[in-house]
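Structure file data09.txt; described as compact mmCIF, N, CA and C atoms and all ligand atoms.
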# COMPACT_ATOMS: atom_id res chain seq x y z
N MET A 1 22.52 -34.06 -10.85
CA MET A 1 23.42 -33.32 -9.96
C MET A 1 22.59 -32.51 -8.96
N ALA A 2 22.98 -32.63 -7.68
CA ALA A 2 22.21 -31.90 -6.67
C ALA A 2 22.47 -30.40 -6.79
N SER A 3 21.42 -29.64 -6.71
CA SER A 3 21.61 -28.19 -6.83
C SER A 3 22.03 -27.62 -5.48
N GLU A 4 22.78 -26.54 -5.54
CA GLU A 4 23.24 -25.86 -4.32
C GLU A 4 22.02 -25.33 -3.58
N PRO A 5 22.01 -25.43 -2.24
CA PRO A 5 20.88 -24.83 -1.53
C PRO A 5 20.89 -23.31 -1.74
N GLU A 6 19.71 -22.78 -1.94
CA GLU A 6 19.61 -21.34 -2.21
C GLU A 6 19.81 -20.57 -0.91
N ILE A 7 20.69 -19.57 -0.95
CA ILE A 7 20.87 -18.74 0.24
C ILE A 7 19.93 -17.56 0.11
N LYS A 8 18.98 -17.48 0.99
CA LYS A 8 17.96 -16.44 0.86
C LYS A 8 18.25 -15.28 1.79
N THR A 9 17.94 -14.11 1.31
CA THR A 9 17.99 -12.94 2.17
C THR A 9 16.84 -13.08 3.15
N ARG A 10 17.16 -12.86 4.42
CA ARG A 10 16.06 -12.91 5.37
C ARG A 10 15.30 -11.60 5.33
N GLU A 11 14.02 -11.66 5.48
CA GLU A 11 13.21 -10.45 5.40
C GLU A 11 11.99 -10.58 6.29
N LYS A 12 11.59 -9.43 6.82
CA LYS A 12 10.34 -9.40 7.59
C LYS A 12 9.28 -8.84 6.66
N LEU A 13 8.17 -9.53 6.58
CA LEU A 13 7.14 -9.12 5.63
C LEU A 13 5.95 -8.50 6.35
N SER A 14 5.45 -7.38 5.80
CA SER A 14 4.22 -6.77 6.31
C SER A 14 3.35 -6.43 5.11
N LEU A 15 2.06 -6.71 5.22
CA LEU A 15 1.15 -6.38 4.14
C LEU A 15 0.26 -5.20 4.56
N TYR A 16 0.35 -4.12 3.82
CA TYR A 16 -0.54 -2.98 4.04
C TYR A 16 -1.78 -3.25 3.21
N TYR A 17 -2.93 -3.25 3.88
CA TYR A 17 -4.17 -3.63 3.19
C TYR A 17 -5.33 -2.87 3.82
N ARG A 18 -6.51 -3.08 3.29
CA ARG A 18 -7.71 -2.60 3.96
C ARG A 18 -8.85 -3.58 3.67
N ASP A 19 -9.89 -3.48 4.45
CA ASP A 19 -11.04 -4.36 4.24
C ASP A 19 -11.78 -3.97 2.96
N TRP A 20 -12.59 -4.85 2.47
CA TRP A 20 -13.40 -4.62 1.28
C TRP A 20 -12.53 -4.27 0.06
N CYS A 21 -11.40 -4.93 -0.03
CA CYS A 21 -10.47 -4.69 -1.14
C CYS A 21 -10.17 -6.04 -1.77
N GLY A 22 -10.69 -6.24 -2.99
CA GLY A 22 -10.54 -7.53 -3.66
C GLY A 22 -9.07 -7.89 -3.90
N ALA A 23 -8.27 -6.90 -4.31
CA ALA A 23 -6.86 -7.16 -4.59
C ALA A 23 -6.13 -7.57 -3.30
N CYS A 24 -6.54 -6.97 -2.18
CA CYS A 24 -5.94 -7.32 -0.88
C CYS A 24 -6.33 -8.75 -0.51
N PHE A 25 -7.57 -9.10 -0.78
CA PHE A 25 -8.05 -10.45 -0.48
C PHE A 25 -7.22 -11.50 -1.22
N VAL A 26 -6.94 -11.23 -2.48
CA VAL A 26 -6.17 -12.17 -3.30
C VAL A 26 -4.78 -12.39 -2.69
N VAL A 27 -4.16 -11.31 -2.24
CA VAL A 27 -2.82 -11.44 -1.65
C VAL A 27 -2.90 -12.17 -0.31
N LYS A 28 -3.90 -11.83 0.50
CA LYS A 28 -4.03 -12.50 1.81
C LYS A 28 -4.29 -14.00 1.64
N ARG A 29 -5.05 -14.33 0.61
CA ARG A 29 -5.32 -15.76 0.35
C ARG A 29 -4.02 -16.48 -0.02
N ALA A 30 -3.19 -15.85 -0.83
CA ALA A 30 -1.91 -16.48 -1.22
C ALA A 30 -1.02 -16.65 0.00
N ILE A 31 -0.99 -15.66 0.87
CA ILE A 31 -0.17 -15.73 2.09
C ILE A 31 -0.62 -16.93 2.94
N LYS A 32 -1.93 -17.08 3.04
CA LYS A 32 -2.48 -18.18 3.84
C LYS A 32 -2.13 -19.53 3.20
N GLN A 33 -2.32 -19.61 1.89
CA GLN A 33 -2.04 -20.87 1.20
C GLN A 33 -0.57 -21.26 1.32
N LEU A 34 0.30 -20.27 1.29
CA LEU A 34 1.74 -20.55 1.38
C LEU A 34 2.19 -20.75 2.83
N GLY A 35 1.32 -20.40 3.77
CA GLY A 35 1.65 -20.56 5.19
C GLY A 35 2.73 -19.60 5.65
N LEU A 36 2.73 -18.39 5.11
CA LEU A 36 3.80 -17.44 5.42
C LEU A 36 3.47 -16.59 6.64
N GLU A 37 4.54 -16.15 7.31
CA GLU A 37 4.37 -15.24 8.44
C GLU A 37 4.45 -13.82 7.91
N VAL A 38 3.32 -13.15 7.87
CA VAL A 38 3.28 -11.78 7.36
C VAL A 38 2.44 -10.95 8.32
N GLU A 39 2.97 -9.83 8.76
CA GLU A 39 2.18 -8.96 9.65
C GLU A 39 1.16 -8.23 8.79
N LEU A 40 -0.10 -8.31 9.17
CA LEU A 40 -1.16 -7.65 8.40
C LEU A 40 -1.42 -6.27 9.00
N ARG A 41 -1.26 -5.24 8.17
CA ARG A 41 -1.40 -3.86 8.64
C ARG A 41 -2.56 -3.18 7.93
N ASN A 42 -3.69 -3.13 8.62
CA ASN A 42 -4.88 -2.51 8.07
C ASN A 42 -4.72 -0.98 8.13
N VAL A 43 -4.57 -0.35 6.98
CA VAL A 43 -4.25 1.09 6.97
C VAL A 43 -5.43 1.96 7.40
N PHE A 44 -6.63 1.39 7.37
CA PHE A 44 -7.79 2.18 7.83
C PHE A 44 -7.98 2.07 9.34
N ALA A 45 -7.24 1.14 9.96
CA ALA A 45 -7.38 0.95 11.40
C ALA A 45 -6.22 1.60 12.16
N ASN A 46 -5.21 2.06 11.43
CA ASN A 46 -4.02 2.59 12.10
C ASN A 46 -3.43 3.71 11.25
N ASP A 47 -3.53 4.93 11.76
CA ASP A 47 -3.10 6.08 10.97
C ASP A 47 -1.59 6.10 10.72
N ILE A 48 -0.83 5.53 11.66
CA ILE A 48 0.64 5.48 11.47
C ILE A 48 0.97 4.63 10.25
N TRP A 49 0.32 3.48 10.14
CA TRP A 49 0.58 2.60 8.99
C TRP A 49 0.15 3.31 7.69
N TYR A 50 -0.98 4.02 7.76
CA TYR A 50 -1.44 4.72 6.55
C TYR A 50 -0.41 5.76 6.12
N ARG A 51 0.12 6.49 7.11
CA ARG A 51 1.11 7.53 6.78
C ARG A 51 2.43 6.92 6.28
N GLN A 52 2.81 5.81 6.87
CA GLN A 52 4.03 5.12 6.37
C GLN A 52 3.86 4.77 4.90
N LEU A 53 2.68 4.27 4.58
CA LEU A 53 2.40 3.86 3.20
C LEU A 53 2.46 5.04 2.24
N VAL A 54 1.80 6.13 2.61
CA VAL A 54 1.74 7.31 1.73
C VAL A 54 3.13 7.94 1.60
N THR A 55 3.88 7.94 2.69
CA THR A 55 5.24 8.49 2.63
C THR A 55 6.11 7.67 1.69
N ALA A 56 5.98 6.35 1.78
CA ALA A 56 6.84 5.48 0.97
C ALA A 56 6.40 5.44 -0.49
N ARG A 57 5.10 5.47 -0.72
CA ARG A 57 4.60 5.21 -2.08
C ARG A 57 4.01 6.44 -2.75
N GLY A 58 3.79 7.50 -1.98
CA GLY A 58 3.21 8.70 -2.55
C GLY A 58 1.70 8.63 -2.72
N ARG A 59 1.11 7.52 -2.33
CA ARG A 59 -0.36 7.36 -2.39
C ARG A 59 -0.77 6.22 -1.46
N GLY A 60 -2.07 6.13 -1.20
CA GLY A 60 -2.53 5.14 -0.22
C GLY A 60 -3.09 3.87 -0.83
N THR A 61 -2.80 3.64 -2.10
CA THR A 61 -3.32 2.45 -2.77
C THR A 61 -2.76 1.18 -2.11
N VAL A 62 -3.65 0.22 -1.87
CA VAL A 62 -3.27 -1.07 -1.31
C VAL A 62 -3.72 -2.18 -2.27
N PRO A 63 -3.19 -3.37 -2.21
CA PRO A 63 -2.20 -3.87 -1.27
C PRO A 63 -0.78 -3.46 -1.62
N VAL A 64 0.04 -3.36 -0.56
CA VAL A 64 1.48 -3.15 -0.73
C VAL A 64 2.20 -4.07 0.26
N LEU A 65 3.19 -4.78 -0.27
CA LEU A 65 3.99 -5.66 0.58
C LEU A 65 5.27 -4.92 0.96
N ARG A 66 5.47 -4.79 2.28
CA ARG A 66 6.71 -4.17 2.78
C ARG A 66 7.69 -5.26 3.16
N ARG A 67 8.91 -5.15 2.64
CA ARG A 67 9.95 -6.15 2.96
C ARG A 67 11.09 -5.44 3.67
N ASP A 68 11.25 -5.72 4.96
CA ASP A 68 12.37 -5.18 5.73
C ASP A 68 13.49 -6.21 5.71
N LEU A 69 14.59 -5.84 5.09
CA LEU A 69 15.67 -6.79 4.84
C LEU A 69 16.73 -6.73 5.92
N ASP A 70 17.55 -7.77 5.95
CA ASP A 70 18.63 -7.89 6.93
C ASP A 70 19.63 -6.74 6.87
N ASP A 71 19.80 -6.17 5.70
CA ASP A 71 20.79 -5.09 5.56
C ASP A 71 20.18 -3.72 5.87
N ASP A 72 19.03 -3.73 6.57
CA ASP A 72 18.36 -2.50 7.01
C ASP A 72 17.74 -1.69 5.89
N THR A 73 17.58 -2.30 4.73
CA THR A 73 16.85 -1.60 3.67
C THR A 73 15.41 -2.09 3.66
N THR A 74 14.55 -1.27 3.09
CA THR A 74 13.13 -1.62 3.01
C THR A 74 12.68 -1.49 1.57
N ASP A 75 11.94 -2.50 1.14
CA ASP A 75 11.40 -2.48 -0.21
C ASP A 75 9.87 -2.48 -0.12
N TRP A 76 9.25 -1.65 -0.94
CA TRP A 76 7.78 -1.57 -0.96
C TRP A 76 7.30 -2.08 -2.31
N MET A 77 6.50 -3.13 -2.29
CA MET A 77 6.05 -3.72 -3.54
C MET A 77 4.53 -3.57 -3.68
N GLY A 78 4.11 -2.93 -4.76
CA GLY A 78 2.69 -2.77 -5.03
C GLY A 78 2.23 -3.76 -6.08
N GLU A 79 0.96 -3.68 -6.44
CA GLU A 79 0.34 -4.52 -7.47
C GLU A 79 0.17 -5.96 -6.96
N SER A 80 -1.08 -6.31 -6.71
CA SER A 80 -1.37 -7.63 -6.13
C SER A 80 -0.75 -8.78 -6.94
N ARG A 81 -0.79 -8.68 -8.26
CA ARG A 81 -0.26 -9.79 -9.07
C ARG A 81 1.24 -9.94 -8.89
N ASP A 82 1.94 -8.80 -8.81
CA ASP A 82 3.38 -8.86 -8.61
C ASP A 82 3.71 -9.43 -7.23
N ILE A 83 2.91 -9.05 -6.23
CA ILE A 83 3.16 -9.53 -4.86
C ILE A 83 2.96 -11.04 -4.80
N VAL A 84 1.85 -11.51 -5.37
CA VAL A 84 1.57 -12.96 -5.33
C VAL A 84 2.65 -13.72 -6.08
N ARG A 85 3.04 -13.20 -7.23
CA ARG A 85 4.08 -13.89 -8.02
C ARG A 85 5.39 -13.95 -7.23
N TYR A 86 5.73 -12.85 -6.61
CA TYR A 86 6.96 -12.81 -5.82
C TYR A 86 6.91 -13.84 -4.69
N LEU A 87 5.82 -13.85 -3.92
CA LEU A 87 5.72 -14.76 -2.78
C LEU A 87 5.76 -16.21 -3.23
N GLU A 88 5.04 -16.50 -4.32
CA GLU A 88 5.02 -17.89 -4.80
C GLU A 88 6.40 -18.32 -5.28
N GLU A 89 7.07 -17.43 -5.99
CA GLU A 89 8.37 -17.83 -6.54
C GLU A 89 9.44 -17.87 -5.46
N TYR A 90 9.44 -16.92 -4.57
CA TYR A 90 10.50 -16.83 -3.57
C TYR A 90 10.35 -17.88 -2.48
N TYR A 91 9.11 -18.21 -2.13
CA TYR A 91 8.88 -19.11 -1.00
C TYR A 91 8.42 -20.51 -1.40
N ARG A 92 8.34 -20.77 -2.70
CA ARG A 92 7.83 -22.07 -3.15
C ARG A 92 8.60 -23.23 -2.50
N ASN A 93 9.94 -23.18 -2.52
CA ASN A 93 10.73 -24.29 -1.98
C ASN A 93 10.48 -24.48 -0.49
N ASP A 94 10.34 -23.38 0.23
CA ASP A 94 10.05 -23.48 1.67
C ASP A 94 8.74 -24.23 1.89
N VAL A 95 7.76 -23.92 1.06
CA VAL A 95 6.45 -24.54 1.22
C VAL A 95 6.55 -26.03 0.93
N GLU A 96 7.30 -26.37 -0.14
CA GLU A 96 7.46 -27.79 -0.48
C GLU A 96 8.15 -28.53 0.66
N GLN A 97 9.15 -27.90 1.28
CA GLN A 97 9.86 -28.55 2.39
C GLN A 97 8.93 -28.75 3.59
N LYS A 98 8.10 -27.73 3.85
CA LYS A 98 7.19 -27.83 5.00
C LYS A 98 6.23 -29.00 4.85
N SER A 99 5.74 -29.20 3.60
CA SER A 99 4.73 -30.23 3.41
C SER A 99 5.33 -31.60 3.11
N ALA A 100 6.66 -31.68 3.02
CA ALA A 100 7.30 -32.97 2.67
C ALA A 100 7.33 -33.88 3.89
N1 LIG B 201 -4.11 -3.08 -9.68
C1 LIG B 201 -4.03 -2.88 -8.27
C2 LIG B 201 -5.36 -2.37 -7.77
C3 LIG B 201 -5.22 -1.79 -6.40
C4 LIG B 201 -6.47 -1.04 -6.00
O1 LIG B 201 -7.31 -0.64 -6.84
N2 LIG B 201 -6.62 -0.83 -4.70
C5 LIG B 201 -7.73 -0.13 -4.19
C6 LIG B 201 -8.43 -0.96 -3.10
S1 LIG B 201 -8.92 -2.55 -3.72
C7 LIG B 201 -7.27 1.15 -3.53
O2 LIG B 201 -6.37 1.16 -2.70
N3 LIG B 201 -7.89 2.28 -3.93
C8 LIG B 201 -7.66 3.55 -3.30
C9 LIG B 201 -6.48 4.30 -3.85
O3 LIG B 201 -5.93 3.91 -4.89
O4 LIG B 201 -6.11 5.29 -3.23
C10 LIG B 201 -3.65 -4.21 -7.59
O5 LIG B 201 -4.10 -5.27 -8.06
O6 LIG B 201 -2.90 -4.18 -6.63
Could you rewrite the structure in this file as structure tokens?
Amino acid sequence: MASEPEIKTREKLSLYYRDWCGACFVVKRAIKQLGLEVELRNVFANDIWYRQLVTARGRGTVPVLRRDLDDDTTDWMGESRDIVRYLEEYYRNDVEQKSA
């Protein structure tokens, strides 16, 4: 039986990261492998992005994935493993379709 097409919430993705950060590298590599459009926001190169991060999360630890959703809400996701798992699971079908 054919499964119903999944209706996905549209979201704009931004990754708050910094250079020389292994956990950030792991997330950036996953983004590249999945071919996703994600705005990369180096918090050490832009003080506004750094302040946005600290305001939202209470600290400047990176990587953090920011998801701006269609309903005008914003979700901030920390922990590189959680971010990679989320991207792989949420976008896996898109990637399969792209390469088909
Ligand atoms: N377990 C975290 C580690 C994150 C982490 O240690 N980030 C470092 C850079 S690689 C950091 O931002 N340290 C500065 C801080 O926590 O303020 C993950 O995998 O996301």
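With only N, CA and C atoms and all ligand atoms counted, the chains near ligand LIG 201 (chain B) contribute these residues within 6 Å: Trp20, Cys21, Gly22, Ala23, Cys24, Arg59, Gly60, Thr61, Val62, Pro63, Gly78, Glu79, Ser80 and Arg81 of chain A.
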DSSP on the backbone, strand (DSSP E) only: what residues of chain A does that give? Format it as a ChimeraX atom specification. /A:11-17,39-42,64-69,74-78
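In terms of minimum interatomic distance to Arg10 in chain A, A:Asp68 ranks closest within A:Asp75, A:Asp94, A:Glu89, A:Asp68, counting all atoms listed in the file.
Of note, atom C of Asn93 in chain A and atom N of Lys32 in chain A are spaced 14.9 Å apart.
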How big is the axis-aligned box, and where does its centre sit, when it encloses all atoms of range 57-73 of chain A listed in the file and has 4 Å added on every side, reported in Å to one decimal as lines of an AutoDock Vina configuration file?
center_x = 8.5
center_y = 0.4
center_z = 2.1
size_x = 32.5
size_y = 24.6
size_z = 17.8
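Of the listed residues A:Ile83, A:Asp70, A:Leu53, A:Leu13, the one whose atoms come nearest to Leu40 in chain A is A:Leu13, with distances taken using all atoms listed in the file.
Between CA of Val64 in chain A and atom N of Tyr17 in chain A the separation is 6.4 Å.
Atom N of Glu39 in chain A is found 8.6 Å from atom C of Arg66 in chain A.
Around the point (-9.4, -2.5, 6.8), within 6.5 Å and counting only N, CA and C atoms, we find these residues: Tyr17, Arg18, Asp19, Trp20, Asn42, Val43, Phe44 and Ala45 of chain A.
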Output for the residues just chosen: N, CA and C atoms as a PDB file, in the coordinates of the input:
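Once everything was written out, this is result14.pdb:
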ATOM      1  N   TYR A  17      -2.930  -3.250   3.880  1.00  0.00           N
ATOM      2  CA  TYR A  17      -4.170  -3.630   3.190  1.00  0.00           C
ATOM      3  C   TYR A  17      -5.330  -2.870   3.820  1.00  0.00           C
ATOM      4  N   ARG A  18      -6.510  -3.080   3.290  1.00  0.00           N
ATOM      5  CA  ARG A  18      -7.710  -2.600   3.960  1.00  0.00           C
ATOM      6  C   ARG A  18      -8.850  -3.580   3.670  1.00  0.00           C
ATOM      7  N   ASP A  19      -9.890  -3.480   4.450  1.00  0.00           N
ATOM      8  CA  ASP A  19     -11.040  -4.360   4.240  1.00  0.00           C
ATOM      9  C   ASP A  19     -11.780  -3.970   2.960  1.00  0.00           C
ATOM     10  N   TRP A  20     -12.590  -4.850   2.470  1.00  0.00           N
ATOM     11  CA  TRP A  20     -13.400  -4.620   1.280  1.00  0.00           C
ATOM     12  C   TRP A  20     -12.530  -4.270   0.060  1.00  0.00           C
ATOM     13  N   ASN A  42      -3.690  -3.130   8.620  1.00  0.00           N
ATOM     14  CA  ASN A  42      -4.880  -2.510   8.070  1.00  0.00           C
ATOM     15  C   ASN A  42      -4.720  -0.980   8.130  1.00  0.00           C
ATOM     16  N   VAL A  43      -4.570  -0.350   6.980  1.00  0.00           N
ATOM     17  CA  VAL A  43      -4.250   1.090   6.970  1.00  0.00           C
ATOM     18  C   VAL A  43      -5.430   1.960   7.400  1.00  0.00           C
ATOM     19  N   PHE A  44      -6.630   1.390   7.370  1.00  0.00           N
ATOM     20  CA  PHE A  44      -7.790   2.180   7.830  1.00  0.00           C
ATOM     21  C   PHE A  44      -7.980   2.070   9.340  1.00  0.00           C
ATOM     22  N   ALA A  45      -7.240   1.140   9.960  1.00  0.00           N
ATOM     23  CA  ALA A  45      -7.380   0.950  11.400  1.00  0.00           C
ATOM     24  C   ALA A  45      -6.220   1.600  12.160  1.00  0.00           C
TER      25      ALA A  45
END
Can you check which residues of chain A DSSP gives as helix (DSSP H, G or I) on the backbone and send them as an MDAnalysis selection string? chainID A and resid 22:34 47:57 80:99
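With distances restricted to only C-alpha atoms, A:Ala30 is the closest residue to Leu87 in chain A from A:Phe25, A:Ala30, A:Lys12, A:Asn46.
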